[in-house]
Amino acid sequence: MADTHTAGRTATGPQRPPLRRPDARSLVRPAVIAVLLLFVLFALPQLLSLYYIGAMTQVAVYAIVALGLGVLVGRVGLVSLGQVAVLAIGAWVAARLLFATSLPYPVVLLGAGVITMVLGTLIGLPALRLRGLYLALITLMLAGGITVALATTNFPNGGSGFLGYNGSSVHIPPIRRPSIAASDPAYFRYSVLVAALMFLLVLAHIRTRPGRAWAAIRQSELTALAAGINTTLYKLWAFALASFITGVAGGVLAGAIHYLYSIDFPTQDSITLLAVVLMGGAYSLWGAVVAALLYQLLPALLNNWGVSSDWLTILFGIGVLQVLTTAPAGLADQVPKDLGRLGRLLRRRVLPGRVLPGRVPRKRLRGPSQSGGGAG
Amino acid sequence: MPSWAYFQPFVVSGLALGGVYALSGVGLVVLYRATGVVYLAFGAVGAMGALIAWSLIKDTGVPGWVGWLVCVLFAGAVTLAYGMVFGPALAKRDPLIKAVATLGLTLVLFGVMDLLWTSGGGQSRAIALPTDNGGFVVGQLQVNWTQVIGLGAGIAITVVTGAFLRYTKLGTAMRAMANDRDITATLGVPVRRVEAAAWLGCGVLGGVAGLLLADLVALDATTLTFLVISSLAAALIARLRSIALTFVAAIAIGLIHDLLTPIQALSNYRDMTPFVLAAVALLVLSRRSVISLSREEA
């Protein structure tokens, strides 16, 4: 696999710019993110009611799930229609571990992630022979199958045996939370931290060799193969990574809602999830956050206002059509662009004739979104 | 293992279900061959058509056949409109994108259905076709006419579609477009009109399937919308190519699904049938992986 490195380099261009010193501008982004994270961790739980803290915990969970799907769709160009089923597997494994053992919560999360990763990879290995449309449809089929199986086996509720389900138990014990995060606000912070770690994990992948290999595969699998990239390995790697973080998300979800039922993971949710990920923007990590806000916070808001969440389903449907026809990079790309356009317009109106120094319009080189995208 | 007598009624219902799956599967394959679109909203248009028919018949008291006609027309019209608006916009895109876009339509229709025909409140709906009551007896088996129609429609649609594609001018044009849309256009075939015909035909089949499944299975938005996955399984086993193979696969799915019902250990898992069969078939069929540069996937 020594030649992969060269291949990744070719994909980013033959001449790479020399390593840059961290200047002020490259420090702004991490600083903004750090401030945002601190705000979310410390200020948000003070400001929100318990109802919205619950909703925001779900946002943290689904941001991880959306991130996993974003890696598959946006980075590698593999569309999976079964991510909610993977989430259900993660939640099942975590619940089973939590009832069966007294392992510390982070270990359980790791275990859920690893077991889900193994299962996801085992399923993914044969499926990876398929591409594009057929892969998407087979993941839909597998998700349908998993959903049916889970509806029959049920989620563990403290019973005995391998399945850990006791159909006649009257007092179902809640799934435990970590002792340091027993209350809702504390568990919210815990979920956000786990989500942040998952984002860092994905970022570490994208910035390094796998990320470059994925970019090459997304552009053209044939060219990537010709460049010496082990496409099967890296596609499987993407599947493993997405399954791992989705499994961890399942573990966080198990503690967040205390009781798991198979009806919480219907097949259509995988479809809605793909819709919001496409709307949020599959090519940007922010897109995953936007997707999770759309998917979990909006229903909570509407529910509070007494509006049926069916409107959201309709909105998501229209959103998918709009994204696919006009804005392939989603809201995370569209909104800043539109805001920038608005800003320029205002500046021209307010300060006519004045050219701002150092803001010469440059054609920005952009990877995924311009090329029509891996999903395009 | 229960004795054979227990299985007999399920042979009948399985064949009927398989027939409807075949009808849907053939519709999906023809549309895919002509336009490159896997129409995942197939179940949703049928479901909404069936719900409209139910409301019409119940609230305004129109005769049943008007309701059924409205159902079929609605499904056809929505599908045609979608095809006319989004077909050209996405014509040059990957088949995957075209399929995902139809999921957008699915979500819109699903949301509207959930909004207008709320599933809460335990209100049960049913479409009873008059053919439910009549029937005949084979051996000791009661067979009703709806079941006969289910299987019969499956067979008829498969045969008629096969003949249509083979012998008519429009059918030849559709087959040509399945091979290469651009060359077909160069030869002077009005591709947009041929595509429109394929969309309309597929939508009408969606309406018929929705009506029959509403009777045979249940009139419920979620169930009907996602039953498309089962019909899609049949089409996938045929690799979205052969309508004859689609028919065989659909009958097999319907039969195996219903025959598992009396087997206690597997009964709860019977809904997995289409998924498992499709997944296994896809994996076996694609064991030799080929990378090609053509637009068509896999």
# chains A, B, ... in the order shown; residues from 1 in each chain; ligands from 1
$ interface_residues --of "chain A" --to "chain B" --cutoff "7 Å" --atoms "only C-alpha atoms" --output "PyMOL selection string"
chain A and resi 126-127+129-134+138+141-142+144-145+148-149+152+222+310-311+313-314+316-318+320-321+324-325+375-376
$ residues_around --residues "Ala88 in chain A" --least-positions-apart "5" --cutoff "10 Å" --atoms "only C-alpha atoms" --output "PyMOL selection string"
chain A and resi 83+93-94+116+143+146-147+150+155+246-247+249-251+253-254+260-262+264-266
$ write_last_selection --atoms "N, CA and C atoms" --output "PDB file, in the first residue's frame"
ATOM      1  N   GLN A  83     -28.890   3.285   7.631  1.00  0.00           N
ATOM      2  CA  GLN A  83     -28.116   3.718   8.789  1.00  0.00           C
ATOM      3  C   GLN A  83     -28.898   3.653  10.089  1.00  0.00           C
ATOM      4  N   VAL A  93     -26.814  -3.537  21.154  1.00  0.00           N
ATOM      5  CA  VAL A  93     -25.583  -4.063  21.757  1.00  0.00           C
ATOM      6  C   VAL A  93     -25.285  -3.316  23.055  1.00  0.00           C
ATOM      7  N   ALA A  94     -25.412  -1.987  23.016  1.00  0.00           N
ATOM      8  CA  ALA A  94     -25.106  -1.205  24.214  1.00  0.00           C
ATOM      9  C   ALA A  94     -26.057  -1.574  25.341  1.00  0.00           C
ATOM     10  N   THR A 116     -20.705  -3.170  16.583  1.00  0.00           N
ATOM     11  CA  THR A 116     -21.449  -2.695  15.427  1.00  0.00           C
ATOM     12  C   THR A 116     -20.544  -2.605  14.207  1.00  0.00           C
ATOM     13  N   ALA A 143     -31.642  -3.186   5.768  1.00  0.00           N
ATOM     14  CA  ALA A 143     -32.271  -2.432   6.849  1.00  0.00           C
ATOM     15  C   ALA A 143     -33.665  -2.970   7.119  1.00  0.00           C
ATOM     16  N   ILE A 146     -33.272  -6.204   9.033  1.00  0.00           N
ATOM     17  CA  ILE A 146     -32.855  -5.987  10.428  1.00  0.00           C
ATOM     18  C   ILE A 146     -34.027  -5.470  11.253  1.00  0.00           C
ATOM     19  N   THR A 147     -34.811  -4.545  10.653  1.00  0.00           N
ATOM     20  CA  THR A 147     -35.947  -3.992  11.379  1.00  0.00           C
ATOM     21  C   THR A 147     -36.937  -5.090  11.753  1.00  0.00           C
ATOM     22  N   LEU A 150     -35.438  -7.227  14.548  1.00  0.00           N
ATOM     23  CA  LEU A 150     -35.443  -6.559  15.852  1.00  0.00           C
ATOM     24  C   LEU A 150     -36.851  -6.484  16.426  1.00  0.00           C
ATOM     25  N   PHE A 155     -35.767  -5.340  22.119  1.00  0.00           N
ATOM     26  CA  PHE A 155     -34.563  -4.818  22.739  1.00  0.00           C
ATOM     27  C   PHE A 155     -34.422  -5.387  24.143  1.00  0.00           C
ATOM     28  N   THR A 246     -21.665   5.112  14.328  1.00  0.00           N
ATOM     29  CA  THR A 246     -23.107   4.947  14.485  1.00  0.00           C
ATOM     30  C   THR A 246     -23.413   4.030  15.663  1.00  0.00           C
ATOM     31  N   GLY A 247     -22.566   3.008  15.860  1.00  0.00           N
ATOM     32  CA  GLY A 247     -22.738   2.128  17.014  1.00  0.00           C
ATOM     33  C   GLY A 247     -22.563   2.884  18.317  1.00  0.00           C
ATOM     34  N   ALA A 249     -23.091   6.031  18.703  1.00  0.00           N
ATOM     35  CA  ALA A 249     -24.296   6.860  18.818  1.00  0.00           C
ATOM     36  C   ALA A 249     -25.445   6.043  19.388  1.00  0.00           C
ATOM     37  N   GLY A 250     -25.543   4.781  18.966  1.00  0.00           N
ATOM     38  CA  GLY A 250     -26.587   3.912  19.510  1.00  0.00           C
ATOM     39  C   GLY A 250     -26.433   3.760  21.011  1.00  0.00           C
ATOM     40  N   GLY A 251     -25.181   3.640  21.470  1.00  0.00           N
ATOM     41  CA  GLY A 251     -24.940   3.523  22.899  1.00  0.00           C
ATOM     42  C   GLY A 251     -25.364   4.770  23.648  1.00  0.00           C
ATOM     43  N   LEU A 253     -27.616   6.856  22.644  1.00  0.00           N
ATOM     44  CA  LEU A 253     -29.079   6.915  22.555  1.00  0.00           C
ATOM     45  C   LEU A 253     -29.718   6.043  23.634  1.00  0.00           C
ATOM     46  N   ALA A 254     -29.133   4.849  23.856  1.00  0.00           N
ATOM     47  CA  ALA A 254     -29.702   3.920  24.834  1.00  0.00           C
ATOM     48  C   ALA A 254     -29.797   4.586  26.206  1.00  0.00           C
ATOM     49  N   LEU A 260     -35.796   1.194  25.190  1.00  0.00           N
ATOM     50  CA  LEU A 260     -35.693   1.086  23.740  1.00  0.00           C
ATOM     51  C   LEU A 260     -36.803   0.168  23.221  1.00  0.00           C
ATOM     52  N   TYR A 261     -37.410   0.568  22.131  1.00  0.00           N
ATOM     53  CA  TYR A 261     -38.417  -0.275  21.481  1.00  0.00           C
ATOM     54  C   TYR A 261     -38.111  -0.319  19.998  1.00  0.00           C
ATOM     55  N   SER A 262     -38.467  -1.427  19.381  1.00  0.00           N
ATOM     56  CA  SER A 262     -38.104  -1.572  17.966  1.00  0.00           C
ATOM     57  C   SER A 262     -38.862  -0.567  17.099  1.00  0.00           C
ATOM     58  N   ASP A 264     -39.010   2.395  17.537  1.00  0.00           N
ATOM     59  CA  ASP A 264     -38.248   3.650  17.460  1.00  0.00           C
ATOM     60  C   ASP A 264     -37.326   3.683  16.248  1.00  0.00           C
ATOM     61  N   PHE A 265     -37.160   2.538  15.598  1.00  0.00           N
ATOM     62  CA  PHE A 265     -36.189   2.479  14.501  1.00  0.00           C
ATOM     63  C   PHE A 265     -36.825   1.958  13.211  1.00  0.00           C
ATOM     64  N   PRO A 266     -37.877   2.607  12.720  1.00  0.00           N
ATOM     65  CA  PRO A 266     -38.510   2.088  11.500  1.00  0.00           C
ATOM     66  C   PRO A 266     -37.627   2.316  10.272  1.00  0.00           C
TER      67      PRO A 266
END
$ select_by_dssp --residues "range 88-270 of chain A" --states "alpha helix (DSSP H)" --output "MDAnalysis selection string"
chainID A and resid 88:100 105:127 132:153 184:207 209:219 221:226 231:257 267:270
$ write_last_selection --atoms "C-alpha atoms" --output "short mmCIF file (atom, residue, chain, number, x, y, z; two decimals), in the first residue's frame"
data_model
loop_
_atom_site.label_atom_id
_atom_site.label_comp_id
_atom_site.auth_asym_id
_atom_site.auth_seq_id
_atom_site.Cartn_x
_atom_site.Cartn_y
_atom_site.Cartn_z
CA ALA A 88 -30.56 0.16 16.21
CA ILE A 89 -27.86 -2.52 16.27
CA GLY A 90 -25.59 -0.20 18.23
CA ALA A 91 -28.36 0.61 20.70
CA TRP A 92 -29.18 -3.09 21.07
CA VAL A 93 -25.58 -4.06 21.76
CA ALA A 94 -25.11 -1.20 24.21
CA ALA A 95 -28.32 -2.03 26.06
CA ARG A 96 -27.31 -5.69 26.26
CA LEU A 97 -23.87 -4.79 27.63
CA LEU A 98 -25.32 -2.29 30.09
CA PHE A 99 -27.76 -4.84 31.51
CA ALA A 100 -25.33 -7.73 31.52
CA TYR A 105 -20.05 3.63 30.31
CA PRO A 106 -17.21 4.69 27.99
CA VAL A 107 -16.14 1.04 27.73
CA VAL A 108 -19.70 0.08 26.84
CA LEU A 109 -19.80 2.79 24.18
CA LEU A 110 -16.54 1.54 22.76
CA GLY A 111 -17.83 -2.03 22.85
CA ALA A 112 -21.06 -1.06 21.11
CA GLY A 113 -19.03 0.77 18.50
CA VAL A 114 -16.64 -2.11 17.90
CA ILE A 115 -19.32 -4.81 17.74
CA THR A 116 -21.45 -2.69 15.43
CA MET A 117 -18.36 -2.08 13.34
CA VAL A 118 -17.68 -5.81 13.03
CA LEU A 119 -21.31 -6.52 12.11
CA GLY A 120 -21.45 -3.60 9.72
CA THR A 121 -18.24 -4.68 8.05
CA LEU A 122 -19.38 -8.29 7.78
CA ILE A 123 -22.55 -7.10 6.10
CA GLY A 124 -20.65 -4.55 4.08
CA LEU A 125 -17.97 -6.88 2.80
CA PRO A 126 -20.12 -8.74 0.28
CA ALA A 127 -22.25 -5.66 -0.38
CA GLY A 132 -24.15 2.98 -6.63
CA LEU A 133 -27.79 2.20 -7.08
CA TYR A 134 -27.54 -1.49 -6.25
CA LEU A 135 -25.59 -0.83 -3.08
CA ALA A 136 -28.17 1.72 -1.94
CA LEU A 137 -30.99 -0.70 -2.63
CA ILE A 138 -29.30 -3.63 -0.92
CA THR A 139 -28.72 -1.52 2.19
CA LEU A 140 -32.43 -0.68 2.08
CA MET A 141 -33.18 -4.42 1.90
CA LEU A 142 -30.80 -5.22 4.74
CA ALA A 143 -32.27 -2.43 6.85
CA GLY A 144 -35.74 -3.82 6.20
CA GLY A 145 -34.55 -7.26 7.28
CA ILE A 146 -32.85 -5.99 10.43
CA THR A 147 -35.95 -3.99 11.38
CA VAL A 148 -38.14 -7.09 11.08
CA ALA A 149 -35.66 -9.17 13.08
CA LEU A 150 -35.44 -6.56 15.85
CA ALA A 151 -39.21 -6.30 16.02
CA THR A 152 -39.26 -10.00 16.85
CA THR A 153 -36.27 -10.27 19.17
CA ASP A 184 -30.51 15.23 31.93
CA PRO A 185 -28.26 18.32 31.59
CA ALA A 186 -25.20 16.30 32.59
CA TYR A 187 -26.07 13.57 30.11
CA PHE A 188 -26.53 16.21 27.44
CA ARG A 189 -22.97 17.44 28.09
CA TYR A 190 -21.76 13.85 28.00
CA SER A 191 -23.44 13.26 24.63
CA VAL A 192 -22.00 16.45 23.18
CA LEU A 193 -18.52 15.42 24.29
CA VAL A 194 -18.90 11.98 22.74
CA ALA A 195 -20.18 13.62 19.54
CA ALA A 196 -17.21 16.00 19.52
CA LEU A 197 -14.82 13.06 19.89
CA MET A 198 -16.51 11.29 16.96
CA PHE A 199 -16.18 14.42 14.83
CA LEU A 200 -12.48 14.57 15.68
CA LEU A 201 -12.09 10.91 14.76
CA VAL A 202 -13.69 11.51 11.37
CA LEU A 203 -11.69 14.67 10.84
CA ALA A 204 -8.50 12.74 11.54
CA HIS A 205 -9.50 10.27 8.84
CA ILE A 206 -10.41 12.91 6.30
CA ARG A 207 -7.18 14.83 6.77
CA ARG A 209 -4.44 8.96 3.86
CA PRO A 210 -7.94 7.41 4.01
CA GLY A 211 -9.49 10.78 3.28
CA ARG A 212 -7.40 11.23 0.17
CA ALA A 213 -8.10 7.69 -0.98
CA TRP A 214 -11.83 8.27 -0.46
CA ALA A 215 -11.67 11.48 -2.46
CA ALA A 216 -10.03 9.61 -5.31
CA ILE A 217 -12.61 6.81 -5.17
CA ARG A 218 -15.45 9.29 -5.15
CA GLN A 219 -14.19 11.02 -8.27
CA GLU A 221 -13.31 4.35 -8.86
CA LEU A 222 -11.55 3.27 -12.02
CA THR A 223 -8.96 6.02 -11.83
CA ALA A 224 -8.41 5.35 -8.15
CA LEU A 225 -7.83 1.70 -8.95
CA ALA A 226 -5.44 2.63 -11.74
CA THR A 231 -10.47 0.56 -3.37
CA THR A 232 -12.04 -2.39 -1.56
CA LEU A 233 -9.97 -1.76 1.55
CA TYR A 234 -10.77 1.92 1.69
CA LYS A 235 -14.46 1.47 0.95
CA LEU A 236 -14.61 -1.13 3.68
CA TRP A 237 -12.72 1.24 5.94
CA ALA A 238 -15.36 3.89 5.35
CA PHE A 239 -18.08 1.38 6.15
CA ALA A 240 -16.25 0.33 9.30
CA LEU A 241 -15.77 3.91 10.43
CA ALA A 242 -19.39 4.83 9.76
CA SER A 243 -20.62 1.69 11.54
CA PHE A 244 -18.34 2.34 14.49
CA ILE A 245 -19.48 5.88 15.14
CA THR A 246 -23.11 4.95 14.49
CA GLY A 247 -22.74 2.13 17.01
CA VAL A 248 -21.35 4.58 19.57
CA ALA A 249 -24.30 6.86 18.82
CA GLY A 250 -26.59 3.91 19.51
CA GLY A 251 -24.94 3.52 22.90
CA VAL A 252 -25.47 7.19 23.70
CA LEU A 253 -29.08 6.91 22.56
CA ALA A 254 -29.70 3.92 24.83
CA GLY A 255 -28.76 5.93 27.90
CA ALA A 256 -30.58 9.02 26.69
CA ILE A 257 -34.01 7.49 26.39
CA THR A 267 -37.06 1.60 8.03
CA GLN A 268 -38.49 4.88 6.81
CA ASP A 269 -36.29 6.73 9.30
CA SER A 270 -33.26 5.65 7.29
#
$ residues_around --residues "Gly19 in chain B" --least-positions-apart "6" --cutoff "10 Å" --atoms "only C-alpha atoms" --output "VMD selection string"
chain B and resid 13 25 147 to 158 209 247 to 248 250 to 255
